[in-house]
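S.K.: Input structure: upload.cif, which contains mmCIF, C-alpha atoms.
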data_my_file
loop_
_atom_site.group_PDB
_atom_site.id
_atom_site.type_symbol
_atom_site.label_atom_id
_atom_site.label_comp_id
_atom_site.auth_asym_id
_atom_site.auth_seq_id
_atom_site.Cartn_x
_atom_site.Cartn_y
_atom_site.Cartn_z
ATOM 1 C CA MET A 166 1.241 -9.690 2.345
ATOM 2 C CA ARG A 167 -0.459 -10.744 -0.880
ATOM 3 C CA GLN A 168 1.753 -11.822 -3.776
ATOM 4 C CA ASP A 169 0.252 -9.288 -6.203
ATOM 5 C CA ILE A 170 1.019 -6.407 -3.822
ATOM 6 C CA GLN A 171 4.575 -7.659 -3.360
ATOM 7 C CA ALA A 172 5.042 -7.878 -7.130
ATOM 8 C CA ARG A 173 3.610 -4.356 -7.550
ATOM 9 C CA CYS A 174 6.076 -2.995 -4.973
ATOM 10 C CA VAL A 175 9.003 -4.541 -6.817
ATOM 11 C CA ARG A 176 7.741 -3.256 -10.196
ATOM 12 C CA LEU A 177 7.408 0.253 -8.781
ATOM 13 C CA GLY A 178 10.856 0.079 -7.208
ATOM 14 C CA LYS A 179 12.517 -1.122 -10.394
ATOM 15 C CA TYR A 180 10.752 1.590 -12.393
ATOM 16 C CA ILE A 181 11.938 4.315 -10.024
ATOM 17 C CA VAL A 182 15.523 3.019 -10.069
ATOM 18 C CA ARG A 183 15.545 2.627 -13.867
ATOM 19 C CA THR A 184 14.057 6.042 -14.654
ATOM 20 C CA GLY A 185 14.860 8.137 -11.591
ATOM 21 C CA ALA A 186 11.149 8.966 -11.358
ATOM 22 C CA THR A 187 9.459 10.792 -8.515
ATOM 23 C CA VAL A 188 6.538 9.314 -6.585
ATOM 24 C CA ARG A 189 4.200 11.523 -8.602
ATOM 25 C CA GLN A 190 5.663 10.353 -11.935
ATOM 26 C CA ALA A 191 5.494 6.695 -10.869
ATOM 27 C CA ALA A 192 1.891 7.145 -9.761
ATOM 28 C CA GLU A 193 0.975 8.574 -13.145
ATOM 29 C CA GLU A 194 2.814 5.833 -15.030
ATOM 30 C CA PHE A 195 1.132 3.031 -13.053
ATOM 31 C CA SER A 196 -2.276 4.782 -12.816
ATOM 32 C CA MET A 197 -2.167 4.731 -9.022
ATOM 33 C CA SER A 198 -2.587 7.341 -6.331
ATOM 34 C CA LYS A 199 0.512 9.025 -4.934
ATOM 35 C CA SER A 200 -0.427 7.700 -1.502
ATOM 36 C CA SER A 201 -0.419 4.091 -2.713
ATOM 37 C CA VAL A 202 2.931 4.481 -4.470
ATOM 38 C CA HIS A 203 4.401 6.141 -1.396
ATOM 39 C CA LYS A 204 3.180 3.341 0.892
ATOM 40 C CA ASP A 205 4.451 0.676 -1.506
ATOM 41 C CA VAL A 206 7.974 2.082 -1.870
ATOM 42 C CA HIS A 207 8.445 3.496 1.634
ATOM 43 C CA GLU A 208 6.891 0.787 3.800
ATOM 44 C CA ARG A 209 6.147 -2.423 1.938
ATOM 45 C CA LEU A 210 9.234 -2.575 -0.298
ATOM 46 C CA ARG A 211 11.489 -2.526 2.778
ATOM 47 C CA ASN A 212 10.140 -5.936 3.816
ATOM 48 C CA VAL A 213 9.776 -7.384 0.324
ATOM 49 C CA HIS A 214 13.151 -6.432 -1.212
ATOM 50 C CA PRO A 215 15.541 -4.576 1.156
ATOM 51 C CA GLY A 216 18.267 -4.072 -1.463
ATOM 52 C CA LEU A 217 15.924 -2.473 -3.949
ATOM 53 C CA TYR A 218 14.406 -0.409 -1.130
ATOM 54 C CA ARG A 219 17.821 1.148 -0.397
ATOM 55 C CA GLU A 220 18.301 2.101 -4.050
ATOM 56 C CA VAL A 221 14.809 3.613 -4.286
ATOM 57 C CA ARG A 222 15.317 5.450 -1.012
ATOM 58 C CA GLN A 223 18.472 7.157 -2.350
ATOM 59 C CA ILE A 224 16.604 8.429 -5.399
ATOM 60 C CA LEU A 225 13.602 9.627 -3.409
ATOM 61 C CA ASP A 226 15.846 11.299 -0.824
ATOM 62 C CA TYR A 227 17.525 13.201 -3.656
ATOM 63 C CA HIS A 228 14.152 14.341 -5.008
ATOM 64 C CA HIS A 229 13.174 15.465 -1.525
ATOM 65 C CA ALA A 230 16.414 17.430 -1.145
ATOM 66 C CA VAL A 231 16.011 19.379 -4.400
ATOM 67 C CA ARG A 232 12.275 19.948 -4.430
ATOM 68 C CA HIS A 233 12.604 23.502 -3.139
ATOM 69 C CA LEU A 234 14.874 24.285 -6.080
ATOM 70 C CA ARG A 235 12.376 22.902 -8.574
ATOM 71 C CA GLY A 236 9.571 24.890 -6.986
ATOM 72 C CA GLY A 237 11.609 28.091 -7.174
ATOM 73 C CA ALA A 238 12.486 27.479 -10.807
ATOM 74 C CA ALA A 239 8.837 26.853 -11.694
ATOM 75 C CA THR A 240 7.769 30.064 -9.973
ATOM 76 C CA LYS A 241 10.479 31.997 -11.803
ATOM 77 C CA ARG A 242 9.304 30.626 -15.176
ATOM 78 C CA ARG A 243 5.683 31.425 -14.391
ATOM 79 C CA TRP A 244 6.421 35.053 -13.460
ATOM 80 C CA ARG A 245 8.648 35.486 -16.509
ATOM 81 C CA LEU A 246 5.823 34.287 -18.777
ATOM 82 C CA LEU A 247 3.330 36.595 -17.081
ATOM 83 C CA ARG A 248 5.645 39.588 -17.587
ATOM 84 C CA GLN A 249 6.113 38.702 -21.263
ATOM 85 C CA GLU A 250 2.353 38.405 -21.775
ATOM 86 C CA LYS A 251 1.817 41.752 -20.099
ATOM 87 C CA LYS A 252 4.412 43.447 -22.334
ATOM 88 C CA GLY A 253 2.813 41.907 -25.417
ATOM 89 C CA GLN A 254 -0.612 43.386 -24.721
#
Please go through the file and, once you have read it, give me the structure as structure tokens.
M.R.:
Amino acid sequence: MRQDIQARCVRLGKYIVRTGATVRQAAEEFSMSKSSVHKDVHERLRNVHPGLYREVRQILDYHHAVRHLRGGAATKRRWRLLRQEKKGQ
């Protein structure tokens, strides 16, 4: 694997561990596609830096476990705003 790709994987991993970011947030921060970030931290990082991979994996597993809660909360906020707008008209 090329050195620049290895370095990018480690930078992404350290960013996710430091900030607790999701794949989507990391992709936005590094101006990359979500697919590239996902491949870097789920496949390549395992071979480049196994210790960092385990830390990143814990954070991403947590995000995966609570994503249905975030989606429900977002839907609740959206419907609440729509009801308020309707009452205001």
S.K.: So what do you get for atom CA of A:Lys199 versus atom CA of A:Gly237, distance-wise?
M.R.: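 Answer for the atom CA of A:Lys199 to atom CA of A:Gly237 separation: 22.2 Å.
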S.K.: Output the residue selection produced by the PyMOL selection byres ((chain A and resi 183-192) around 9) on the file above, formatted as a PyMOL selection string.
M.R.: chain A and resi 177-182+193-203+206+221+224-225+228
S.K.: Go ahead and write the selection's residues with C-alpha atoms as a PDB file, in the frame of the given file.
M.R.:
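Contents of the output file again.pdb:
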ATOM      1  CA  LEU A 177       7.408   0.253  -8.781  1.00  0.00           C
ATOM      2  CA  GLY A 178      10.856   0.079  -7.208  1.00  0.00           C
ATOM      3  CA  LYS A 179      12.517  -1.122 -10.394  1.00  0.00           C
ATOM      4  CA  TYR A 180      10.752   1.590 -12.393  1.00  0.00           C
ATOM      5  CA  ILE A 181      11.938   4.315 -10.024  1.00  0.00           C
ATOM      6  CA  VAL A 182      15.523   3.019 -10.069  1.00  0.00           C
ATOM      7  CA  GLU A 193       0.975   8.574 -13.145  1.00  0.00           C
ATOM      8  CA  GLU A 194       2.814   5.833 -15.030  1.00  0.00           C
ATOM      9  CA  PHE A 195       1.132   3.031 -13.053  1.00  0.00           C
ATOM     10  CA  SER A 196      -2.276   4.782 -12.816  1.00  0.00           C
ATOM     11  CA  MET A 197      -2.167   4.731  -9.022  1.00  0.00           C
ATOM     12  CA  SER A 198      -2.587   7.341  -6.331  1.00  0.00           C
ATOM     13  CA  LYS A 199       0.512   9.025  -4.934  1.00  0.00           C
ATOM     14  CA  SER A 200      -0.427   7.700  -1.502  1.00  0.00           C
ATOM     15  CA  SER A 201      -0.419   4.091  -2.713  1.00  0.00           C
ATOM     16  CA  VAL A 202       2.931   4.481  -4.470  1.00  0.00           C
ATOM     17  CA  HIS A 203       4.401   6.141  -1.396  1.00  0.00           C
ATOM     18  CA  VAL A 206       7.974   2.082  -1.870  1.00  0.00           C
ATOM     19  CA  VAL A 221      14.809   3.613  -4.286  1.00  0.00           C
ATOM     20  CA  ILE A 224      16.604   8.429  -5.399  1.00  0.00           C
ATOM     21  CA  LEU A 225      13.602   9.627  -3.409  1.00  0.00           C
ATOM     22  CA  HIS A 228      14.152  14.341  -5.008  1.00  0.00           C
TER      23      HIS A 228
END
S.K.: Would you mind reading off the distance between atom CA of A:Asn212 and atom CA of A:Val231, one decimal, in Å?
M.R.: 27.3 Å
S.K.: Report, as JSON, the axis-aligned box around all atoms of stretch 236-248 of chain A present in the file, extended by 8 Å on each side; give centre and edge lengths in Å to one decimal place.
M.R.:
{"center_x": 7.9, "center_y": 32.2, "center_z": -12.9, "size_x": 25.2, "size_y": 30.7, "size_z": 27.8}
S.K.: To one decimal place in Å, what is the distance between atom CA of A:Lys204 and atom CA of A:Asp226?
M.R.: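 Between atom CA of A:Lys204 and atom CA of A:Asp226 the gap is 15.1 Å.
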S.K.: Name the closest residue to A:Cys174 among the candidates A:His229, A:Arg245, A:Lys252, A:Arg209; distances are taken between atoms, counting only C-alpha atoms.
M.R.: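 Closest to A:Cys174 of all the choices is A:Arg209.
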S.K.: I'd like to know which of A:Val175, A:Gln249, A:Met166, A:Arg243 is closest to A:Gly216, using all atoms listed in the file.
M.R.: A:Val175
S.K.: Name the residues within 12 Å of (8.7, -9.5, 3.6), counting only C-alpha atoms in the file's coordinates, and put them as an MDAnalysis selection string.
M.R.: chainID A and resid 166:168 170:172 174:175 208:215 218
S.K.: Using the incomplete input, complete stretch 224-245 of chain A to the level of N, CA and C atoms; output as a CSV table (one decimal), in the frame of the given file.
M.R.:
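out.csv written:
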chain,number,residue,atom,x,y,z
A,224,ILE,N,17.2,7.6,-4.3
A,224,ILE,CA,16.6,8.4,-5.4
A,224,ILE,C,15.5,9.3,-4.8
A,225,LEU,N,14.7,8.8,-4.0
A,225,LEU,CA,13.6,9.6,-3.4
A,225,LEU,C,14.1,10.7,-2.4
A,226,ASP,N,15.2,10.3,-1.7
A,226,ASP,CA,15.8,11.3,-0.8
A,226,ASP,C,16.4,12.5,-1.6
A,227,TYR,N,17.0,12.1,-2.8
A,227,TYR,CA,17.5,13.2,-3.7
A,227,TYR,C,16.4,14.1,-4.1
A,228,HIS,N,15.3,13.5,-4.6
A,228,HIS,CA,14.2,14.3,-5.0
A,228,HIS,C,13.6,15.2,-3.9
A,229,HIS,N,13.6,14.7,-2.7
A,229,HIS,CA,13.2,15.5,-1.5
A,229,HIS,C,14.1,16.6,-1.2
A,230,ALA,N,15.4,16.4,-1.4
A,230,ALA,CA,16.4,17.4,-1.1
A,230,ALA,C,16.4,18.6,-2.1
A,231,VAL,N,16.0,18.3,-3.4
A,231,VAL,CA,16.0,19.4,-4.4
A,231,VAL,C,14.6,19.9,-4.7
A,232,ARG,N,13.6,19.5,-4.0
A,232,ARG,CA,12.3,19.9,-4.4
A,232,ARG,C,12.1,21.4,-4.3
A,233,HIS,N,12.7,22.0,-3.3
A,233,HIS,CA,12.6,23.5,-3.1
A,233,HIS,C,13.2,24.2,-4.3
A,234,LEU,N,14.3,23.7,-4.9
A,234,LEU,CA,14.9,24.3,-6.1
A,234,LEU,C,14.0,24.2,-7.3
A,235,ARG,N,13.3,23.1,-7.5
A,235,ARG,CA,12.4,22.9,-8.6
A,235,ARG,C,11.2,23.8,-8.4
A,236,GLY,N,10.7,24.0,-7.2
A,236,GLY,CA,9.6,24.9,-7.0
A,236,GLY,C,9.9,26.3,-7.3
A,237,GLY,N,11.1,26.7,-6.9
A,237,GLY,CA,11.6,28.1,-7.2
A,237,GLY,C,11.8,28.3,-8.7
A,238,ALA,N,12.3,27.3,-9.4
A,238,ALA,CA,12.5,27.5,-10.8
A,238,ALA,C,11.1,27.6,-11.5
A,239,ALA,N,10.2,26.8,-11.1
A,239,ALA,CA,8.8,26.9,-11.7
A,239,ALA,C,8.2,28.2,-11.5
A,240,THR,N,8.3,28.7,-10.3
A,240,THR,CA,7.8,30.1,-10.0
A,240,THR,C,8.4,31.1,-10.8
A,241,LYS,N,9.7,31.0,-11.0
A,241,LYS,CA,10.5,32.0,-11.8
A,241,LYS,C,10.0,32.0,-13.2
A,242,ARG,N,9.8,30.8,-13.8
A,242,ARG,CA,9.3,30.6,-15.2
A,242,ARG,C,7.9,31.2,-15.3
A,243,ARG,N,7.1,30.9,-14.3
A,243,ARG,CA,5.7,31.4,-14.4
A,243,ARG,C,5.6,32.9,-14.4
A,244,TRP,N,6.4,33.6,-13.5
A,244,TRP,CA,6.4,35.1,-13.5
A,244,TRP,C,7.0,35.7,-14.7
A,245,ARG,N,8.0,35.0,-15.3
A,245,ARG,CA,8.6,35.5,-16.5
A,245,ARG,C,7.6,35.5,-17.6
